[in-house]
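Take a look at the structure set out below.
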Amino acid sequence: MTAQKGFYITTAIVYPNSRMHVGFGWEVIGSDMRARFERMKGRDVFFCTGVDEHSQNVEKAALKDRDANPGDYAGLADARAVAKKYCDKMADDIVKVMAMMDVAYDRFIRTSDPDHERVCQHLIEKSKSAGDVFLTKHEGLYCDGCEVFYTEKEAMLAPLDEKSMADSQSAAGTKSAANPKSAADAISEANSSHTADVKFTSGTSKYHCPTHKQPLRVLAEENYFFKLSKFEEALKKLFRERPDFLAPEGRKNEVLSFLEGGLKDFSVSRTTFKWGISIPFDPGHIIYVWFDALINYLSAVKFPVRDASGKVVQGDEEFFKRFWPCDVHVIGKDITRFHCLYWPAMLMSAQAALPKGELPLPERVWAHGFIAFQGEKMSKTRGNIVTPDEVIRDFSASAGAPYGATALRWYLLSANPFDADGNYADESLVLKCNADLSNNIGNLVNRTVSMTMKYFPDGLPQNPGVLPPGVKSVSDRAVDILLHPRVGAAGAAGGVALYSELAELMRKMDLSGYCARIVEFSMSMNKFIDETKPWALAKVVAAGGDAGATARANLATALAELLEGIRCLGVALWPAIPGASEAILAQLGITPATTPGDWIEKSLFREGTAGNPPAKIAIPRLDRLEFDSSRRFALVEPKPLFPRLEIKA
């Protein structure tokens with residue numbers, strides 16, 4: 001019997017031709033947050049990320065690095081060996097940065113992994129057998145940065161003078177309040193102003209890449225192509241029948257426009273470089289980047305490769321069926337075409353590789369925006385790339401504690417809506433983390449624990465359930481803000497778990513909305529402290545008499561409610577800032593060792609990374625989020641959880 005379907009989430013796989021920047025860090029952290037939340041629900045989760053190693057750009061970067069650091073490549077003359085050594089070095093660096101960011105993936109896949117290579121070769125053979133891969137000569141406009149051929153309609157045609165170049169960069173910018181035109185609108189307008197056909201010539205053309213704004217060059221090659229045009233009607237049907245296949249909604253316009261314009265077959269091989277996976281039926285050709293890279297999503301979950309007799313010779317059919325289809329591919333908005341048109345078509349073609357032709361399409365593709373640096377798009381040419389490890393080290397040093405990962409994660413997740421473009425600035429991070437974490441959540445935990453230990457030194461207060469008149473309980477605030485049950489037509493709460501509101505925000509990938517609810521709840525608890533005034537109640541208790549007895553009941557209720565509210569807060573924070581969440585819960589004496597029933601223990605697969613064996617992580621149980629103010633704690637002497645950050649001079 002096949003196990004229940006698990007939850008499968010992926011990021012795009014990043015080129016290792018430069019160090020990871022915070023834009024990709026945002027994608028990985030956002031995906032990690034969703035994966036952690038699903039784990040809290042008790043689901044079997046598989047979270048995959050990794051590197052896309054096989055491309056001409058990576059080979060060029062490797063040769064450049066060899067020239068700059070010859071000692072690292074001693075004895076290596078072959079370009080393939082140099083590229084592999086370079087990718088080893090870059091992959092190790094990315095793995096270390098992900099560990100610094102508290103990213104808990106199940107597999108870090110590399111497209112040089114042997115199992116991935118075999119899956120790619122198997123599927124391209126199957127697509128060729130189905131008539132979907134064919135050899136032909138092709139000449140077109142090619143972008144080295146995108147590693148994509150563009151048609152004249154898709155490209156931008158503009159003069160090369162400096163002013164026009166700047167104008168074209170502005171015109172093709174992303175859609176925002178300041179720039180209401182989408183990139184597709186700007187490209188269309190730029191092209192409509194040129195009526196003369198431009199003939200292909202050797203070398204550089206007059207066309208520009210809509211993404212990189214660099215001149216496209218004319219490239220003529222004999223390559224294998226994938227028959228994308230064959231799947232045009234099937235893809236149109238996909239978007240008609242599954243309107244939520246690509247989200248958020250605004251990302252669909254570009255893809256649908258491209259689809260309505262008619263699909264062209266795309267190249268799946270190259271002969272101009274050697275760093276890559278060779279085509280088994282024509283070893284002089286290297287499988288081109290998109291046919292190689294996209295297949296990683298199948299390789300990662302042990303796609304079953306069969307021999308001629310149908311016997312599985314690599315992979316695991318049961319494991320594959322447990323996780324495929326993918327629940328959500330998380331990608332940047334610039335690669336939606338490849339994930340929403342190329343990839344589904346490739347999967348439709350690959351159905352021939354399975355005995356019953358059953359290969360479901362992914363459930364959803366989520367395309368987030370770009371992270372800018374202080375309002376400008378990050379770019380190597382501009383020299384404004386910011387790396388996650390740089391941020392983490394700087395703010396850990398500023399705090400005098402290993403706080404940088406929490407600060408980076410919280411800022412990227414809470415201050416940047418995942419359905420739009422975001423921004424990174426040191427000053428904004430400092431203001432956001434100080435306001436939300438230090439001033440709000442940290443202050444709440446510290447003073448609640450301190451007051452409880454001070455006013456009830458002989459043991460935790462029992463909760464008599466009595467509050468001063470007119471004060472709304474923390475439990476009611478939790479239901480209103482964090483837990484919010486769905487209400488049926490008759491006005492009664494439905495049979496949905498109380499944490500359904502947070503689950504719905506996570507399902508919609510509203511990560512900043514999820515964080516905002518937590519901040520709202522912590523602010524409401526701080527307001528509850530101001531309304532109940534425990535310090536004033538303690539004075540009345542000390543005075544004794546009937547008033548003292550009533551005040552003691554009020555004080556006990558207030559602190560018991562606050563402690564349980566903080567526990568719920570700590571549980572809810574775990575997907576976003578796991579280290580801080582665990583520290584908050586530990587302040588209440590809630591750890592895997594002391595309260596094992598409150599935790600799920602999960603072994604991460606961590607396959608595909610040398611020297612990185614499976615690791616176990618402890619996960620707070622989401623079903624413990626329901627409010628229970630009779631719960632007992634074992635408080636620990638409070639200490640600062642969120643150091644205040646300072647803006648660097």
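Ordered as shown in the structure tokens, chains take letters A, B, and onward, while each chain numbers its residues from 1 and ligands are numbered from 1 in the order shown.
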* Do a neighbour search on Ile392 (chain A) at 10 Å with only C-alpha atoms, toss out local chain neighbours closer than 3 positions, and write the hits as a list in words. => Val97, Met100, Met101, Thr387, Pro388, Asp389, Phe395, Ser396, Ala397, Ser398, Pro402, Tyr403, Gly404, Ala405, Thr406, Ala407, Leu408 and Arg409 of chain A
* To do: Excluding Ile124 (chain A) and residues on its chain fewer than 5 positions from it, collect all residues at most 12 Å away from it, counting only C-alpha atoms, and give them as a PyMOL selection string.
  => chain A and resi 117-119+129-134+224-227+268-269+277-282+286-288+291-292+295+346-347+349-353
Selection to disk with N, CA, C and O atoms, as a short mmCIF file (atom, residue, chain, number, x, y, z; two decimals), in the first residue's frame:
```cif
data_model
loop_
_atom_site.label_atom_id
_atom_site.label_comp_id
_atom_site.auth_asym_id
_atom_site.auth_seq_id
_atom_site.Cartn_x
_atom_site.Cartn_y
_atom_site.Cartn_z
N GLU A 117 21.96 12.91 -13.71
CA GLU A 117 22.46 12.72 -15.07
C GLU A 117 21.72 11.58 -15.77
O GLU A 117 21.31 11.70 -16.93
N ARG A 118 21.52 10.49 -15.04
CA ARG A 118 20.88 9.33 -15.65
C ARG A 118 19.41 9.62 -15.96
O ARG A 118 18.88 9.18 -16.99
N VAL A 119 18.72 10.34 -15.08
CA VAL A 119 17.31 10.69 -15.33
C VAL A 119 17.21 11.57 -16.57
O VAL A 119 16.33 11.36 -17.42
N SER A 129 12.04 9.26 -28.66
CA SER A 129 11.24 8.12 -29.14
C SER A 129 9.80 8.54 -29.42
O SER A 129 9.15 8.00 -30.33
N ALA A 130 9.30 9.52 -28.65
CA ALA A 130 7.94 10.01 -28.86
C ALA A 130 7.85 11.02 -29.99
O ALA A 130 6.76 11.53 -30.29
N GLY A 131 8.99 11.33 -30.63
CA GLY A 131 9.01 12.30 -31.72
C GLY A 131 9.07 13.74 -31.27
O GLY A 131 8.84 14.66 -32.07
N ASP A 132 9.39 13.96 -29.99
CA ASP A 132 9.36 15.32 -29.45
C ASP A 132 10.73 15.98 -29.41
O ASP A 132 10.84 17.17 -29.08
N VAL A 133 11.80 15.24 -29.73
CA VAL A 133 13.15 15.80 -29.80
C VAL A 133 13.71 15.47 -31.18
O VAL A 133 13.70 14.31 -31.60
N PHE A 134 14.19 16.50 -31.89
CA PHE A 134 14.65 16.32 -33.27
C PHE A 134 15.84 17.23 -33.55
O PHE A 134 16.01 18.27 -32.90
N TYR A 224 19.66 19.85 -31.21
CA TYR A 224 18.42 19.13 -30.98
C TYR A 224 17.41 20.11 -30.37
O TYR A 224 17.75 20.94 -29.53
N PHE A 225 16.18 20.00 -30.84
CA PHE A 225 15.10 20.87 -30.37
C PHE A 225 14.00 20.02 -29.76
O PHE A 225 13.80 18.86 -30.13
N PHE A 226 13.29 20.65 -28.81
CA PHE A 226 12.11 20.03 -28.22
C PHE A 226 10.87 20.62 -28.88
O PHE A 226 10.75 21.84 -29.04
N LYS A 227 9.92 19.76 -29.25
CA LYS A 227 8.75 20.18 -30.02
C LYS A 227 7.70 20.80 -29.09
O LYS A 227 6.62 20.24 -28.86
N VAL A 268 17.46 22.10 -27.08
CA VAL A 268 17.77 21.31 -25.89
C VAL A 268 19.19 20.75 -25.93
O VAL A 268 19.55 19.87 -25.16
N SER A 269 20.02 21.27 -26.85
CA SER A 269 21.41 20.81 -26.88
C SER A 269 22.32 21.92 -27.35
O SER A 269 21.89 22.90 -27.95
N ILE A 277 25.78 17.34 -19.51
CA ILE A 277 25.40 15.94 -19.66
C ILE A 277 25.29 15.64 -21.15
O ILE A 277 24.54 16.32 -21.87
N SER A 278 26.00 14.64 -21.62
CA SER A 278 25.97 14.32 -23.05
C SER A 278 24.66 13.62 -23.41
O SER A 278 24.08 12.89 -22.60
N ILE A 279 24.22 13.87 -24.63
CA ILE A 279 23.02 13.19 -25.13
C ILE A 279 23.40 11.75 -25.47
O ILE A 279 24.34 11.52 -26.24
N PRO A 280 22.73 10.76 -24.93
CA PRO A 280 23.18 9.37 -25.09
C PRO A 280 23.17 8.89 -26.54
O PRO A 280 24.01 8.07 -26.92
N PHE A 281 22.26 9.40 -27.35
CA PHE A 281 22.19 8.96 -28.75
C PHE A 281 23.01 9.82 -29.69
O PHE A 281 23.07 9.56 -30.88
N ASP A 282 23.67 10.87 -29.15
CA ASP A 282 24.55 11.72 -29.96
C ASP A 282 25.51 12.44 -29.00
O ASP A 282 25.32 13.60 -28.66
N ILE A 286 25.65 18.34 -25.91
CA ILE A 286 25.43 18.48 -24.47
C ILE A 286 23.98 18.91 -24.25
O ILE A 286 23.49 19.81 -24.93
N ILE A 287 23.30 18.27 -23.30
CA ILE A 287 21.91 18.65 -22.99
C ILE A 287 21.90 20.09 -22.49
O ILE A 287 22.62 20.45 -21.56
N TYR A 288 21.08 20.90 -23.13
CA TYR A 288 21.03 22.33 -22.86
C TYR A 288 20.34 22.62 -21.53
O TYR A 288 19.50 21.86 -21.05
N PHE A 291 16.44 21.88 -20.32
CA PHE A 291 16.04 20.47 -20.31
C PHE A 291 16.78 19.71 -19.21
O PHE A 291 16.27 18.74 -18.65
N ASP A 292 17.96 20.15 -18.89
CA ASP A 292 18.75 19.59 -17.79
C ASP A 292 18.21 20.09 -16.44
O ASP A 292 17.85 19.31 -15.55
N ILE A 295 14.57 19.13 -14.96
CA ILE A 295 14.40 17.72 -14.60
C ILE A 295 14.88 17.43 -13.18
O ILE A 295 14.53 16.39 -12.60
N MET A 346 7.37 19.31 -21.16
CA MET A 346 8.36 18.25 -20.97
C MET A 346 7.78 17.07 -20.20
O MET A 346 8.04 15.91 -20.51
N LEU A 347 6.97 17.38 -19.19
CA LEU A 347 6.35 16.31 -18.39
C LEU A 347 5.32 15.54 -19.22
O LEU A 347 5.21 14.31 -19.10
N SER A 349 5.48 15.05 -22.37
CA SER A 349 6.29 14.20 -23.24
C SER A 349 6.87 13.02 -22.47
O SER A 349 6.93 11.90 -22.98
N ALA A 350 7.28 13.28 -21.23
CA ALA A 350 7.95 12.25 -20.42
C ALA A 350 7.01 11.16 -19.94
O ALA A 350 7.46 10.16 -19.39
N GLN A 351 5.70 11.35 -20.12
CA GLN A 351 4.76 10.33 -19.67
C GLN A 351 5.05 8.98 -20.30
O GLN A 351 4.76 7.93 -19.73
N ALA A 352 5.68 9.00 -21.48
CA ALA A 352 6.03 7.75 -22.15
C ALA A 352 7.06 6.95 -21.37
O ALA A 352 7.25 5.76 -21.62
N ALA A 353 7.74 7.61 -20.42
CA ALA A 353 8.77 6.92 -19.63
C ALA A 353 8.17 6.06 -18.53
O ALA A 353 8.87 5.26 -17.91
#
```
* Of the candidates A:Leu123, A:Leu585, A:Met523, A:Leu246, which shows the shortest atom-to-atom distance to Cys340 (chain A), using only C-alpha atoms? ->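 With only C-alpha atoms as the atom set, the closest residue is A:Leu246.
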* Write out as a list in words each polymer residue whose atoms come within 9 Å of region 586-593 of chain A, counting only C-alpha atoms; drop sequence neighbours fewer than 5 positions from it. =>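 Contacts, with the query itself left out: Val445, Val449, Leu563, Ile566, Arg567, Ser581, Asp598, Trp599, Ile600, Glu601, Ala618, Ile619, Pro620, Phe633, Ala634, Leu635, Val636, Glu637, Pro638 and Lys639 of chain A.
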Export of the given selection (N, CA, C and O atoms) as an mmCIF file, in the first residue's frame:
```cif
data_model
loop_
_atom_site.group_PDB
_atom_site.id
_atom_site.type_symbol
_atom_site.label_atom_id
_atom_site.label_comp_id
_atom_site.auth_asym_id
_atom_site.auth_seq_id
_atom_site.Cartn_x
_atom_site.Cartn_y
_atom_site.Cartn_z
ATOM 1 N N VAL A 445 7.905 38.921 26.278
ATOM 2 C CA VAL A 445 8.351 37.693 26.935
ATOM 3 C C VAL A 445 9.116 38.020 28.212
ATOM 4 O O VAL A 445 8.874 37.435 29.278
ATOM 5 N N VAL A 449 7.642 36.932 31.996
ATOM 6 C CA VAL A 449 8.353 35.927 32.794
ATOM 7 C C VAL A 449 8.899 36.553 34.072
ATOM 8 O O VAL A 449 8.814 35.966 35.165
ATOM 9 N N LEU A 563 1.279 33.820 29.820
ATOM 10 C CA LEU A 563 2.240 32.739 29.595
ATOM 11 C C LEU A 563 1.756 31.798 28.494
ATOM 12 O O LEU A 563 2.535 31.380 27.629
ATOM 13 N N ILE A 566 2.147 33.525 25.176
ATOM 14 C CA ILE A 566 3.538 33.505 24.728
ATOM 15 C C ILE A 566 3.905 32.133 24.174
ATOM 16 O O ILE A 566 4.638 32.024 23.182
ATOM 17 N N ARG A 567 3.375 31.078 24.800
ATOM 18 C CA ARG A 567 3.631 29.743 24.256
ATOM 19 C C ARG A 567 3.073 29.626 22.833
ATOM 20 O O ARG A 567 3.753 29.137 21.913
ATOM 21 N N SER A 581 12.141 31.103 18.027
ATOM 22 C CA SER A 581 10.979 30.366 18.530
ATOM 23 C C SER A 581 11.389 29.387 19.625
ATOM 24 O O SER A 581 10.763 29.323 20.695
ATOM 25 N N ASP A 598 5.085 17.646 22.911
ATOM 26 C CA ASP A 598 4.818 18.889 22.188
ATOM 27 C C ASP A 598 5.634 19.012 20.905
ATOM 28 O O ASP A 598 5.553 20.032 20.220
ATOM 29 N N TRP A 599 6.427 17.996 20.600
ATOM 30 C CA TRP A 599 7.349 18.105 19.474
ATOM 31 C C TRP A 599 7.202 16.904 18.545
ATOM 32 O O TRP A 599 6.826 15.818 18.954
ATOM 33 N N ILE A 600 7.533 17.149 17.277
ATOM 34 C CA ILE A 600 7.652 16.093 16.274
ATOM 35 C C ILE A 600 9.130 15.994 15.933
ATOM 36 O O ILE A 600 9.793 17.020 15.744
ATOM 37 N N GLU A 601 9.639 14.795 15.844
ATOM 38 C CA GLU A 601 11.041 14.643 15.456
ATOM 39 C C GLU A 601 11.083 14.158 14.025
ATOM 40 O O GLU A 601 10.456 13.168 13.662
ATOM 41 N N ALA A 618 13.814 18.908 15.697
ATOM 42 C CA ALA A 618 12.621 18.863 16.541
ATOM 43 C C ALA A 618 11.682 19.961 16.086
ATOM 44 O O ALA A 618 12.082 21.118 15.941
ATOM 45 N N ILE A 619 10.422 19.606 15.867
ATOM 46 C CA ILE A 619 9.441 20.509 15.274
ATOM 47 C C ILE A 619 8.279 20.694 16.246
ATOM 48 O O ILE A 619 7.668 19.704 16.674
ATOM 49 N N PRO A 620 7.940 21.928 16.609
ATOM 50 C CA PRO A 620 6.768 22.119 17.477
ATOM 51 C C PRO A 620 5.498 21.619 16.780
ATOM 52 O O PRO A 620 5.325 21.806 15.574
ATOM 53 N N PHE A 633 3.962 25.564 33.402
ATOM 54 C CA PHE A 633 5.271 25.822 32.820
ATOM 55 C C PHE A 633 6.370 25.674 33.877
ATOM 56 O O PHE A 633 6.085 25.622 35.077
ATOM 57 N N ALA A 634 7.588 25.633 33.399
ATOM 58 C CA ALA A 634 8.760 25.623 34.282
ATOM 59 C C ALA A 634 9.650 26.773 33.831
ATOM 60 O O ALA A 634 10.535 26.601 32.987
ATOM 61 N N LEU A 635 9.377 27.956 34.362
ATOM 62 C CA LEU A 635 10.016 29.173 33.858
ATOM 63 C C LEU A 635 11.518 29.184 34.121
ATOM 64 O O LEU A 635 12.003 28.685 35.140
ATOM 65 N N VAL A 636 12.220 29.806 33.186
ATOM 66 C CA VAL A 636 13.668 29.966 33.280
ATOM 67 C C VAL A 636 13.952 31.453 33.430
ATOM 68 O O VAL A 636 13.271 32.291 32.835
ATOM 69 N N GLU A 637 14.968 31.783 34.224
ATOM 70 C CA GLU A 637 15.328 33.188 34.451
ATOM 71 C C GLU A 637 15.450 33.914 33.112
ATOM 72 O O GLU A 637 16.188 33.487 32.225
ATOM 73 N N PRO A 638 14.688 34.997 32.925
ATOM 74 C CA PRO A 638 14.647 35.640 31.604
ATOM 75 C C PRO A 638 15.983 36.271 31.211
ATOM 76 O O PRO A 638 16.737 36.748 32.057
ATOM 77 N N LYS A 639 16.243 36.237 29.916
ATOM 78 C CA LYS A 639 17.421 36.892 29.355
ATOM 79 C C LYS A 639 17.017 37.498 28.024
ATOM 80 O O LYS A 639 16.038 37.052 27.401
#
```
* From A:Ala367, A:Val430, A:Leu625, A:Leu341, residue lying nearest Asp394 (chain A) [only C-alpha atoms] ->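 Under the stated criterion, the closest residue is A:Val430.
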* To do: Find, counting only C-alpha atoms, the residue in A:Met20, A:Val82, A:Leu298, A:Ala234 that gets nearest to Asp115 (chain A).
  => A:Leu298
* To do: Please run DSSP on the backbone and report, as number ranges by chain, all residues within region 238-469 of chain A that come out as strand (DSSP E or B).
  => A: 246-247, 266-267, 269-270, 278-279, 282-287, 305-306, 312-314, 328-332, 365-368, 371-373, 376-377, 422-424
* Asked: Near Glu27 (chain A), within 10 Å and counting only C-alpha atoms, which residues show up once chain neighbours fewer than 2 positions away are dropped, as a count of residues only?
  -> 23
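When only C-alpha atoms are used to measure the gap to Gly597 (chain A), the shortest distance among A:Ile577, A:Arg242, A:Asp623, A:Trp343 belongs to A:Asp623.
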* Asked: Restricting the calculation to only C-alpha atoms, which member of A:Ala61, A:Leu437, A:Ser414, A:Leu562 is positioned closest to Met451 (chain A)?
  ->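 With only C-alpha atoms as the atom set, the closest residue is A:Leu562.
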* Structure fact -> Closest of A:Ala293, A:Cys209, A:Val45, A:Leu359 to Gly145 (chain A), counting only C-alpha atoms, is A:Cys209
* Residues near Asp628 (chain A), cut-off 12 Å, only C-alpha atoms, skip fewer than 2 positions along chain, as number ranges by chain -> A: 463, 465, 474-476, 478-479, 560-568, 623-626, 630-633
* Skip Lys472 (chain A) itself and residues of its chain fewer than 5 positions away, then list as a PyMOL selection string all residues within 10 Å of it, counting only C-alpha atoms. => chain A and resi 467+477+524+528+531-532
* All residues 10 Å or closer to Ile94 (chain A), only C-alpha atoms, same chain fewer than 4 positions away omitted, as a list in words ->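 Surrounding residues, per the criterion: Val14, Pro16, Arg19, Met20, Gly50, Val51, Lys89, Met90, Met98, Ala99, Met100, Phe108 and Asp389 of chain A.
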* What separation in Å, quoted to one decimal, exists between CA of Gly42 (chain A) and CA of Arg322 (chain A)? -> 14.9 Å
